[in-house]
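Undergrad: To be precise about what I am sending: the file is called query32.cif and holds mmCIF, C-alpha atoms.
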```cif
data_run
loop_
_atom_site.group_PDB
_atom_site.id
_atom_site.type_symbol
_atom_site.label_atom_id
_atom_site.label_comp_id
_atom_site.auth_asym_id
_atom_site.auth_seq_id
_atom_site.Cartn_x
_atom_site.Cartn_y
_atom_site.Cartn_z
ATOM 1 C CA MET A 5 -83.694 -253.806 71.884
ATOM 2 C CA HIS A 6 -86.706 -254.357 74.143
ATOM 3 C CA ASN A 7 -87.009 -251.534 76.661
ATOM 4 C CA ASP A 8 -90.392 -250.609 78.130
ATOM 5 C CA ALA A 9 -89.047 -247.244 79.247
ATOM 6 C CA ASN A 10 -88.116 -246.278 75.669
ATOM 7 C CA ALA A 11 -90.852 -244.502 73.700
ATOM 8 C CA PHE A 12 -89.393 -245.956 70.470
ATOM 9 C CA ASP A 13 -89.492 -249.568 71.660
ATOM 10 C CA PRO A 14 -91.311 -251.679 69.002
ATOM 11 C CA HIS A 15 -93.867 -252.915 71.557
ATOM 12 C CA THR A 16 -94.517 -249.384 72.792
ATOM 13 C CA LEU A 17 -94.901 -248.068 69.239
ATOM 14 C CA PHE A 18 -97.333 -250.842 68.296
ATOM 15 C CA PHE A 19 -99.672 -250.472 71.252
ATOM 16 C CA SER A 20 -99.427 -246.670 71.113
ATOM 17 C CA LEU A 21 -100.537 -246.820 67.468
ATOM 18 C CA MET A 22 -103.453 -249.052 68.441
ATOM 19 C CA GLY A 23 -104.430 -246.535 71.115
ATOM 20 C CA VAL A 24 -104.254 -243.603 68.706
ATOM 21 C CA THR A 25 -106.551 -245.334 66.213
ATOM 22 C CA GLU A 26 -109.165 -245.712 68.970
ATOM 23 C CA ILE A 27 -109.488 -241.953 69.489
ATOM 24 C CA GLU A 28 -113.055 -240.913 68.648
ATOM 25 C CA VAL A 29 -113.000 -238.776 65.502
ATOM 26 C CA LEU A 30 -115.621 -236.208 66.549
ATOM 27 C CA ARG A 31 -114.088 -235.776 69.987
ATOM 28 C CA ALA A 32 -110.653 -235.240 68.413
ATOM 29 C CA ALA A 33 -112.166 -232.688 65.992
ATOM 30 C CA ASP A 34 -113.703 -230.792 68.936
ATOM 31 C CA TRP A 35 -110.329 -230.740 70.664
ATOM 32 C CA LEU A 36 -108.526 -229.438 67.552
ATOM 33 C CA ILE A 37 -111.088 -226.640 67.142
ATOM 34 C CA ASP A 38 -110.871 -225.630 70.811
ATOM 35 C CA VAL A 39 -107.042 -225.622 71.045
ATOM 36 C CA PRO A 40 -106.522 -222.167 69.445
ATOM 37 C CA LEU A 41 -109.579 -220.651 71.137
ATOM 38 C CA VAL A 42 -109.404 -218.868 74.485
ATOM 39 C CA GLY A 43 -112.066 -219.276 77.138
ATOM 40 C CA ILE A 44 -114.764 -221.882 77.617
ATOM 41 C CA PRO A 45 -114.426 -224.867 75.213
ATOM 42 C CA VAL A 46 -116.865 -224.680 72.298
ATOM 43 C CA ARG A 47 -116.951 -228.375 71.357
ATOM 44 C CA PRO A 48 -119.155 -227.817 68.317
ATOM 45 C CA PHE A 49 -119.678 -231.486 67.396
ATOM 46 C CA GLU A 50 -120.518 -232.508 70.952
ATOM 47 C CA SER A 51 -122.914 -229.549 71.255
ATOM 48 C CA ALA A 52 -124.575 -230.404 67.946
ATOM 49 C CA THR A 53 -124.993 -234.020 68.996
ATOM 50 C CA ARG A 54 -126.626 -233.033 72.286
ATOM 51 C CA MET A 55 -128.925 -230.562 70.517
ATOM 52 C CA VAL A 56 -130.108 -233.226 68.049
ATOM 53 C CA ARG A 57 -130.747 -235.694 70.867
ATOM 54 C CA ARG A 58 -132.656 -233.124 72.939
ATOM 55 C CA ASN A 59 -134.877 -232.189 70.003
ATOM 56 C CA TYR A 60 -135.439 -235.841 69.173
ATOM 57 C CA ASP A 61 -136.559 -236.579 72.758
ATOM 58 C CA ARG A 62 -139.215 -233.862 72.415
ATOM 59 C CA LEU A 63 -140.858 -235.574 69.415
ATOM 60 C CA PRO A 64 -144.120 -237.510 69.923
ATOM 61 C CA PRO A 65 -143.540 -241.171 70.924
ATOM 62 C CA TRP A 66 -144.735 -242.510 67.577
ATOM 63 C CA TRP A 67 -143.619 -245.910 66.342
ATOM 64 C CA ILE A 68 -141.694 -244.534 63.355
ATOM 65 C CA VAL A 69 -139.928 -241.947 65.559
ATOM 66 C CA ARG A 70 -138.874 -244.618 68.050
ATOM 67 C CA ARG A 71 -137.604 -247.059 65.406
ATOM 68 C CA PHE A 72 -135.725 -244.331 63.502
ATOM 69 C CA GLY A 73 -133.981 -243.242 66.721
ATOM 70 C CA GLU A 74 -132.972 -246.842 67.458
ATOM 71 C CA PHE A 75 -131.613 -247.189 63.908
ATOM 72 C CA VAL A 76 -129.461 -244.056 64.241
ATOM 73 C CA ALA A 77 -128.305 -245.058 67.737
ATOM 74 C CA ALA A 78 -127.185 -248.455 66.415
ATOM 75 C CA TRP A 79 -124.601 -246.737 64.178
ATOM 76 C CA GLN A 80 -123.063 -244.903 67.172
ATOM 77 C CA ILE A 81 -121.830 -242.032 65.003
ATOM 78 C CA PRO A 82 -120.488 -239.868 67.898
ATOM 79 C CA GLU A 83 -118.262 -242.762 69.022
ATOM 80 C CA PHE A 84 -116.813 -243.524 65.582
ATOM 81 C CA SER A 85 -113.042 -244.079 65.559
ATOM 82 C CA LEU A 86 -110.493 -245.079 62.929
ATOM 83 C CA GLY A 87 -109.511 -248.282 64.706
ATOM 84 C CA GLU A 88 -113.050 -249.572 65.170
ATOM 85 C CA ALA A 89 -111.857 -252.462 67.355
ATOM 86 C CA ARG A 90 -112.131 -251.530 71.037
ATOM 87 C CA GLY A 91 -110.137 -253.489 73.613
ATOM 88 C CA LEU A 92 -107.466 -254.873 71.257
ATOM 89 C CA GLY A 93 -105.319 -257.186 73.331
ATOM 90 C CA SER A 94 -107.141 -256.458 76.595
ATOM 91 C CA GLY A 95 -109.638 -259.310 76.498
ATOM 92 C CA GLU A 96 -112.444 -256.993 77.516
ATOM 93 C CA ALA A 97 -115.875 -257.286 75.957
ATOM 94 C CA ALA A 98 -116.801 -254.721 73.349
ATOM 95 C CA GLY A 99 -118.626 -251.767 74.836
ATOM 96 C CA VAL A 100 -120.024 -248.452 73.666
ATOM 97 C CA GLY A 101 -118.344 -247.556 70.392
ATOM 98 C CA GLY A 102 -117.011 -251.094 70.282
ATOM 99 C CA GLY A 103 -116.363 -251.098 66.561
ATOM 100 C CA ILE A 104 -117.913 -252.548 63.429
ATOM 101 C CA VAL A 105 -118.873 -255.873 65.003
ATOM 102 C CA PHE A 106 -120.696 -254.184 67.872
ATOM 103 C CA ARG A 107 -122.542 -251.902 65.457
ATOM 104 C CA ALA A 108 -123.511 -254.929 63.368
ATOM 105 C CA GLU A 109 -124.968 -256.551 66.490
ATOM 106 C CA ARG A 110 -127.018 -253.440 67.240
ATOM 107 C CA LEU A 111 -128.303 -253.325 63.648
ATOM 108 C CA ILE A 112 -129.281 -256.990 63.836
ATOM 109 C CA ASP A 113 -131.239 -256.208 67.016
ATOM 110 C CA TRP A 114 -132.978 -253.356 65.185
ATOM 111 C CA THR A 115 -133.778 -255.655 62.239
ATOM 112 C CA GLN A 116 -135.288 -258.185 64.643
ATOM 113 C CA LEU A 117 -137.514 -255.453 66.088
ATOM 114 C CA MET A 118 -138.672 -254.443 62.600
ATOM 115 C CA ILE A 119 -139.436 -258.044 61.618
ATOM 116 C CA GLY A 120 -141.294 -258.507 64.910
ATOM 117 C CA ASP A 121 -143.363 -255.391 64.210
ATOM 118 C CA ALA A 122 -144.206 -256.630 60.701
ATOM 119 C CA ASN A 123 -145.128 -260.020 62.153
ATOM 120 C CA ASP A 124 -147.490 -258.379 64.656
ATOM 121 C CA VAL A 125 -149.181 -256.281 61.946
ATOM 122 C CA ALA A 126 -149.587 -259.316 59.684
ATOM 123 C CA GLY A 127 -151.027 -261.261 62.624
ATOM 124 C CA ARG A 128 -153.648 -258.621 63.255
ATOM 125 C CA VAL A 129 -154.666 -258.727 59.586
ATOM 126 C CA CYS A 130 -154.971 -262.519 59.770
ATOM 127 C CA GLY A 131 -156.705 -262.444 63.129
ATOM 128 C CA ARG A 132 -153.763 -263.948 65.055
ATOM 129 C CA ARG A 133 -153.000 -261.934 68.190
ATOM 130 C CA GLY A 134 -149.492 -263.350 68.642
ATOM 131 C CA GLY A 135 -148.468 -262.700 65.054
ATOM 132 C CA VAL A 136 -148.363 -264.887 61.969
ATOM 133 C CA VAL A 137 -145.477 -266.935 63.404
ATOM 134 C CA SER A 138 -144.104 -267.351 66.918
ATOM 135 C CA TRP A 139 -141.245 -264.869 66.759
ATOM 136 C CA ASP A 140 -139.474 -266.166 69.898
ATOM 137 C CA ALA A 141 -138.411 -269.345 68.093
ATOM 138 C CA PRO A 142 -136.203 -267.715 65.407
ATOM 139 C CA ALA A 143 -135.130 -264.849 67.720
ATOM 140 C CA ARG A 144 -133.361 -267.105 70.230
ATOM 141 C CA PRO A 145 -130.917 -268.695 67.756
ATOM 142 C CA VAL A 146 -130.172 -265.249 66.289
ATOM 143 C CA ASP A 147 -129.340 -263.934 69.782
ATOM 144 C CA GLY A 148 -127.110 -266.947 70.387
ATOM 145 C CA LEU A 149 -125.301 -266.368 67.087
ATOM 146 C CA GLN A 150 -124.737 -262.700 67.981
ATOM 147 C CA TRP A 151 -123.186 -263.693 71.320
ATOM 148 C CA LEU A 152 -120.944 -266.230 69.576
ATOM 149 C CA VAL A 153 -119.761 -263.682 66.993
ATOM 150 C CA LEU A 154 -118.920 -261.126 69.692
ATOM 151 C CA LYS A 155 -117.009 -263.659 71.809
ATOM 152 C CA THR A 156 -115.140 -264.927 68.730
ATOM 153 C CA PHE A 157 -114.229 -261.377 67.681
ATOM 154 C CA ASN A 158 -112.946 -260.501 71.150
ATOM 155 C CA GLN A 159 -110.831 -263.654 71.323
ATOM 156 C CA LEU A 160 -109.432 -263.040 67.851
ATOM 157 C CA THR A 161 -108.348 -259.508 68.823
ATOM 158 C CA VAL A 162 -106.560 -260.882 71.885
ATOM 159 C CA VAL A 163 -104.858 -263.651 69.890
ATOM 160 C CA SER A 164 -103.880 -261.183 67.149
ATOM 161 C CA ALA A 165 -102.364 -258.722 69.625
ATOM 162 C CA ARG A 166 -100.401 -261.498 71.355
ATOM 163 C CA ALA A 167 -99.196 -262.830 68.005
ATOM 164 C CA VAL A 168 -97.942 -259.382 66.977
ATOM 165 C CA SER A 169 -96.293 -258.924 70.396
ATOM 166 C CA GLY A 170 -94.633 -262.344 70.094
ATOM 167 C CA ALA A 171 -93.398 -261.549 66.586
ATOM 168 C CA LEU A 172 -91.909 -258.261 67.810
ATOM 169 C CA THR A 173 -90.209 -260.098 70.669
ATOM 170 C CA ALA A 174 -88.712 -262.599 68.220
ATOM 171 C CA VAL A 175 -87.413 -259.760 66.016
ATOM 172 C CA GLU A 176 -85.915 -257.975 69.032
ATOM 173 C CA TRP A 177 -84.263 -261.168 70.334
ATOM 174 C CA THR A 178 -82.844 -262.050 66.903
ATOM 175 C CA THR A 179 -81.510 -258.528 66.395
ATOM 176 C CA ASP A 180 -79.943 -258.549 69.866
ATOM 177 C CA GLU A 181 -78.191 -261.851 69.172
ATOM 178 C CA VAL A 182 -76.855 -260.591 65.836
ATOM 179 C CA LEU A 183 -75.565 -257.354 67.375
ATOM 180 C CA LYS A 184 -73.885 -259.235 70.249
ATOM 181 C CA VAL A 185 -71.860 -261.550 67.991
ATOM 182 C CA GLY A 186 -68.146 -261.165 68.685
ATOM 183 C CA ARG A 187 -68.368 -258.871 71.687
ATOM 184 C CA GLN A 188 -68.946 -259.033 75.422
ATOM 185 C CA SER A 189 -72.430 -258.082 76.540
ATOM 186 C CA PRO A 190 -72.738 -255.837 79.603
ATOM 187 C CA HIS A 191 -74.794 -256.944 82.582
ATOM 188 C CA PRO A 192 -78.416 -256.089 81.724
ATOM 189 C CA GLN A 193 -79.266 -254.626 85.147
ATOM 190 C CA GLN A 194 -77.716 -251.986 87.399
ATOM 191 C CA THR A 195 -77.845 -253.278 90.952
ATOM 192 C CA VAL A 196 -78.872 -251.062 93.863
ATOM 193 C CA PHE A 197 -78.552 -251.836 97.585
ATOM 194 C CA LEU A 198 -80.696 -250.529 100.420
ATOM 195 C CA ARG A 199 -79.809 -250.885 104.096
ATOM 196 C CA LEU A 200 -82.802 -250.160 106.276
ATOM 197 C CA PRO A 201 -84.458 -251.003 109.622
ATOM 198 C CA VAL A 202 -86.862 -253.930 109.615
ATOM 199 C CA ASP A 203 -89.820 -251.683 110.487
ATOM 200 C CA ALA A 204 -89.128 -249.591 107.358
ATOM 201 C CA TYR A 205 -89.072 -252.780 105.284
ATOM 202 C CA ARG A 206 -92.296 -253.997 106.932
ATOM 203 C CA ALA A 207 -94.000 -250.707 106.072
ATOM 204 C CA HIS A 208 -93.252 -251.286 102.365
ATOM 205 C CA GLU A 209 -93.186 -255.089 102.313
ATOM 206 C CA LEU A 210 -96.122 -255.506 99.939
ATOM 207 C CA TRP A 211 -94.572 -253.004 97.530
ATOM 208 C CA PHE A 212 -91.309 -254.995 97.530
ATOM 209 C CA LEU A 213 -93.139 -258.285 96.958
ATOM 210 C CA ASP A 214 -94.979 -256.816 93.967
ATOM 211 C CA CYS A 215 -91.774 -255.572 92.342
ATOM 212 C CA ARG A 216 -90.523 -256.878 89.042
ATOM 213 C CA PRO A 217 -87.614 -257.538 88.292
ATOM 214 C CA PRO A 218 -86.304 -259.516 91.297
ATOM 215 C CA VAL A 219 -85.803 -258.245 94.812
ATOM 216 C CA VAL A 220 -83.447 -259.959 97.274
ATOM 217 C CA VAL A 221 -83.938 -259.435 101.015
ATOM 218 C CA GLY A 222 -81.504 -260.635 103.672
ATOM 219 C CA THR A 223 -78.961 -259.758 106.338
ATOM 220 C CA VAL A 224 -75.440 -258.460 105.738
ATOM 221 C CA ASP A 225 -74.006 -261.900 106.635
ATOM 222 C CA GLN A 226 -76.268 -263.649 104.154
ATOM 223 C CA PHE A 227 -75.206 -261.290 101.385
ATOM 224 C CA ALA A 228 -71.518 -261.748 102.269
ATOM 225 C CA GLN A 229 -71.817 -265.547 101.982
ATOM 226 C CA ALA A 230 -73.922 -265.659 98.787
ATOM 227 C CA THR A 231 -72.558 -265.780 95.247
ATOM 228 C CA HIS A 232 -73.395 -263.274 92.542
ATOM 229 C CA ALA A 233 -75.419 -265.903 90.670
ATOM 230 C CA ALA A 234 -77.491 -266.697 93.753
ATOM 231 C CA LEU A 235 -78.282 -263.034 94.345
ATOM 232 C CA ALA A 236 -78.655 -261.551 90.861
ATOM 233 C CA HIS A 237 -80.015 -264.444 88.814
ATOM 234 C CA ARG A 238 -82.518 -266.074 91.135
ATOM 235 C CA PRO A 239 -85.869 -264.266 90.876
ATOM 236 C CA HIS A 240 -87.519 -262.825 93.956
ATOM 237 C CA THR A 241 -85.387 -264.312 96.753
ATOM 238 C CA ILE A 242 -86.551 -263.661 100.320
ATOM 239 C CA LEU A 243 -83.797 -264.987 102.586
ATOM 240 C CA LEU A 244 -85.622 -264.175 105.845
ATOM 241 C CA ASP A 245 -88.745 -265.796 107.265
ATOM 242 C CA ASP A 246 -91.304 -263.885 109.330
ATOM 243 C CA ARG A 247 -89.958 -265.164 112.662
ATOM 244 C CA THR A 248 -86.429 -264.008 111.834
ATOM 245 C CA LEU A 249 -87.721 -260.636 110.687
ATOM 246 C CA ASP A 250 -89.643 -260.211 113.953
ATOM 247 C CA ARG A 251 -86.514 -261.071 115.970
ATOM 248 C CA LEU A 252 -84.333 -258.658 113.998
ATOM 249 C CA GLN A 253 -86.970 -255.958 114.359
ATOM 250 C CA SER A 254 -87.154 -256.388 118.136
ATOM 251 C CA GLU A 255 -83.339 -256.230 118.392
ATOM 252 C CA GLY A 256 -83.150 -253.079 116.233
ATOM 253 C CA HIS A 257 -81.023 -254.653 113.481
ATOM 254 C CA GLN A 258 -80.902 -253.513 109.884
ATOM 255 C CA ILE A 259 -81.449 -255.688 106.823
ATOM 256 C CA VAL A 260 -80.318 -255.376 103.216
ATOM 257 C CA VAL A 261 -82.485 -255.214 100.096
ATOM 258 C CA MET A 262 -80.952 -255.693 96.670
ATOM 259 C CA THR A 263 -82.906 -254.707 93.574
ATOM 260 C CA THR A 264 -82.367 -252.829 90.324
ATOM 261 C CA ARG A 265 -82.045 -249.175 89.469
ATOM 262 C CA HIS A 266 -85.272 -249.376 87.439
ATOM 263 C CA VAL A 267 -87.234 -250.534 90.507
ATOM 264 C CA ILE A 268 -85.788 -247.846 92.771
ATOM 265 C CA ALA A 269 -86.607 -245.175 90.183
ATOM 266 C CA HIS A 270 -90.292 -245.963 90.823
ATOM 267 C CA ALA A 271 -89.955 -246.515 94.572
ATOM 268 C CA PRO A 272 -91.597 -244.297 97.224
ATOM 269 C CA ASP A 273 -89.379 -241.364 98.175
ATOM 270 C CA SER A 274 -89.105 -242.632 101.747
ATOM 271 C CA LEU A 275 -87.297 -245.757 100.485
ATOM 272 C CA LYS A 276 -84.824 -243.920 98.262
ATOM 273 C CA SER A 277 -83.183 -242.418 101.365
ATOM 274 C CA TYR A 278 -81.954 -245.901 102.356
ATOM 275 C CA VAL A 279 -79.857 -246.491 99.198
ATOM 276 C CA VAL A 280 -76.215 -247.140 100.114
ATOM 277 C CA PRO A 281 -72.981 -247.834 98.173
ATOM 278 C CA ALA A 282 -72.326 -251.518 97.523
ATOM 279 C CA ASP A 283 -69.177 -251.622 99.666
ATOM 280 C CA TRP A 284 -71.229 -250.642 102.722
ATOM 281 C CA VAL A 285 -72.931 -254.005 102.360
ATOM 282 C CA LEU A 286 -70.322 -256.261 100.811
ATOM 283 C CA ASN A 287 -67.362 -255.019 102.875
ATOM 284 C CA GLY A 288 -69.229 -254.463 106.110
ATOM 285 C CA SER A 289 -68.639 -250.700 106.152
ATOM 286 C CA ASP A 290 -70.540 -248.664 108.680
ATOM 287 C CA GLY A 291 -72.235 -245.335 108.238
ATOM 288 C CA GLU A 292 -75.510 -243.638 107.610
ATOM 289 C CA PRO A 293 -77.449 -244.251 104.373
ATOM 290 C CA SER A 294 -76.571 -241.779 101.635
ATOM 291 C CA GLY A 295 -79.980 -240.106 101.684
ATOM 292 C CA ARG A 296 -79.623 -239.273 105.363
ATOM 293 C CA HIS A 297 -76.453 -237.134 105.175
#
```
Once you've parsed the file, please lay out its structure as structure tokens.
TA:
Amino acid sequence: MHNDANAFDPHTLFFSLMGVTEIEVLRAADWLIDVPLVGIPVRPFESATRMVRRNYDRLPPWWIVRRFGEFVAAWQIPEFSLGEARGLGSGEAAGVGGGIVFRAERLIDWTQLMIGDANDVAGRVCGRRGGVVSWDAPARPVDGLQWLVLKTFNQLTVVSARAVSGALTAVEWTTDEVLKVGRQSPHPQQTVFLRLPVDAYRAHELWFLDCRPPVVVGTVDQFAQATHAALAHRPHTILLDDRTLDRLQSEGHQIVVMTTRHVIAHAPDSLKSYVVPADWVLNGSDGEPSGRH
């Protein structure tokens, strides 16, 4: 049941749903309004937001103006989304529009500023220049608690996403086992062979090494002597060391790469021209690679 290439795979559906819920509501509304219109995008909500911010920046730098702007900014209204939990499963720290927890942190910061201002005013009334109390003492533990809450929230989102992914995997595996009862299962991979010069392999060596699922690299003789289990069910087998590759390259020999159809579908076009029928490798047939006819 699990197939990353299938848009209806349970894993794909889950993470796609999480991504959709993170779309910013106002930005989506702008897009929906602009779709039927011809010409320059209107983006009414984005334009209104910019107009409000420009007019606000022109106001006198009074204390009440500054604190009100910080209060509104803490809510991050333009970045509001239905999911309200940025970075689910990614392990990344919450950022702009990072959800309810991030907004709560910003509001706590704003509350600290307001309490600090009240403390300063009360200190002036009482003749204490630094305020009635030393505000740094209670502010530090509050900042530490905010950091702890954010880290805990981020870790919980990662653990939750992995738990859901693991549960989906268990459901897929169980369903597969039930469906396979009483019948022969086909081989899960379609094998593809490439026969290519060593210099062509060297040019794409890092790409081959990064491939998943497995890639097997060797000479025709090595493939002829190996069993199916050794080739197809041993992950990432490189049968040639660097010295042997250098020798084969200097002598102009070709080597064989065995991988899967899924890997080749995403391979550079220059590699696809080296795909050959299996009997060209296993039976020692000669000829030019199929892509070079």
Undergrad: State, in Å with one decimal place, the distance from atom CA of Val46 of chain A to atom CA of Glu83 of chain A.
TA: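 Separation between atom CA of Val46 of chain A and atom CA of Glu83 of chain A: 18.4 Å.
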Undergrad: For the file shown, report as a list in words the outcome of the PyMOL selection byres ((chain A and resi 32) around 12) at residue level.
TA: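 In the shown coordinates, the PyMOL selection byres ((chain A and resi 32) around 12) covers Val24, Thr25, Glu26, Ile27, Glu28, Val29, Leu30, Arg31, Ala33, Asp34, Trp35, Leu36, Ile37, Asp38, Val39, Arg47, Pro48, Phe49, Glu50, Pro82, Glu83, Phe84, Ser85 and Leu86 of chain A.
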Undergrad: Emit the selected residues as a PDB file, in the frame of the given file, including C-alpha atoms.
TA:
```pdb
ATOM      1  CA  VAL A  24    -104.254-243.603  68.706  1.00  0.00           C
ATOM      2  CA  THR A  25    -106.551-245.334  66.213  1.00  0.00           C
ATOM      3  CA  GLU A  26    -109.165-245.712  68.970  1.00  0.00           C
ATOM      4  CA  ILE A  27    -109.488-241.953  69.489  1.00  0.00           C
ATOM      5  CA  GLU A  28    -113.055-240.913  68.648  1.00  0.00           C
ATOM      6  CA  VAL A  29    -113.000-238.776  65.502  1.00  0.00           C
ATOM      7  CA  LEU A  30    -115.621-236.208  66.549  1.00  0.00           C
ATOM      8  CA  ARG A  31    -114.088-235.776  69.987  1.00  0.00           C
ATOM      9  CA  ALA A  33    -112.166-232.688  65.992  1.00  0.00           C
ATOM     10  CA  ASP A  34    -113.703-230.792  68.936  1.00  0.00           C
ATOM     11  CA  TRP A  35    -110.329-230.740  70.664  1.00  0.00           C
ATOM     12  CA  LEU A  36    -108.526-229.438  67.552  1.00  0.00           C
ATOM     13  CA  ILE A  37    -111.088-226.640  67.142  1.00  0.00           C
ATOM     14  CA  ASP A  38    -110.871-225.630  70.811  1.00  0.00           C
ATOM     15  CA  VAL A  39    -107.042-225.622  71.045  1.00  0.00           C
ATOM     16  CA  ARG A  47    -116.951-228.375  71.357  1.00  0.00           C
ATOM     17  CA  PRO A  48    -119.155-227.817  68.317  1.00  0.00           C
ATOM     18  CA  PHE A  49    -119.678-231.486  67.396  1.00  0.00           C
ATOM     19  CA  GLU A  50    -120.518-232.508  70.952  1.00  0.00           C
ATOM     20  CA  PRO A  82    -120.488-239.868  67.898  1.00  0.00           C
ATOM     21  CA  GLU A  83    -118.262-242.762  69.022  1.00  0.00           C
ATOM     22  CA  PHE A  84    -116.813-243.524  65.582  1.00  0.00           C
ATOM     23  CA  SER A  85    -113.042-244.079  65.559  1.00  0.00           C
ATOM     24  CA  LEU A  86    -110.493-245.079  62.929  1.00  0.00           C
TER      25      LEU A  86
END
```
Undergrad: Quick one: pull the distance between atom CA of Phe157 of chain A and atom CA of Ile119 of chain A, Å, one decimal.
TA: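 Calculated distance between atom CA of Phe157 of chain A and atom CA of Ile119 of chain A is 26.1 Å.
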Undergrad: Residues near Ala122 of chain A, anyone? I mean within 12 Å using all atoms listed in the file, not counting same-chain ones fewer than 5 positions away, as a PyMOL selection string.
TA: chain A and resi 115-117+127-129+134-137+139
Undergrad: Looking at A:Phe197, A:Phe75, A:Trp67, A:Tyr60, which one is nearest to Val280 of chain A, with distances taken over only C-alpha atoms?
TA: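 Nearest to Val280 of chain A: A:Phe197.
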Undergrad: Taking all atoms listed in the file into account, name the residue in A:Ala78, A:Val202, A:Val175, A:Met55 that is nearest to Leu252 of chain A.
TA: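 That would be A:Val202, the residue with the smallest distance to Leu252 of chain A.
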Undergrad: Name the residues that the PyMOL selection byres ((chain A and resi 72) around 12) pulls out of this structure, and write them as a VMD selection string.
TA: chain A and resid 60 63 65 to 71 73 to 79 111 114 to 115 117 to 118
Undergrad: Quote the spacing between atom CA of Pro201 of chain A and atom CA of Gln253 of chain A in Å to one decimal place.
TA: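 So the answer is 7.3 Å.
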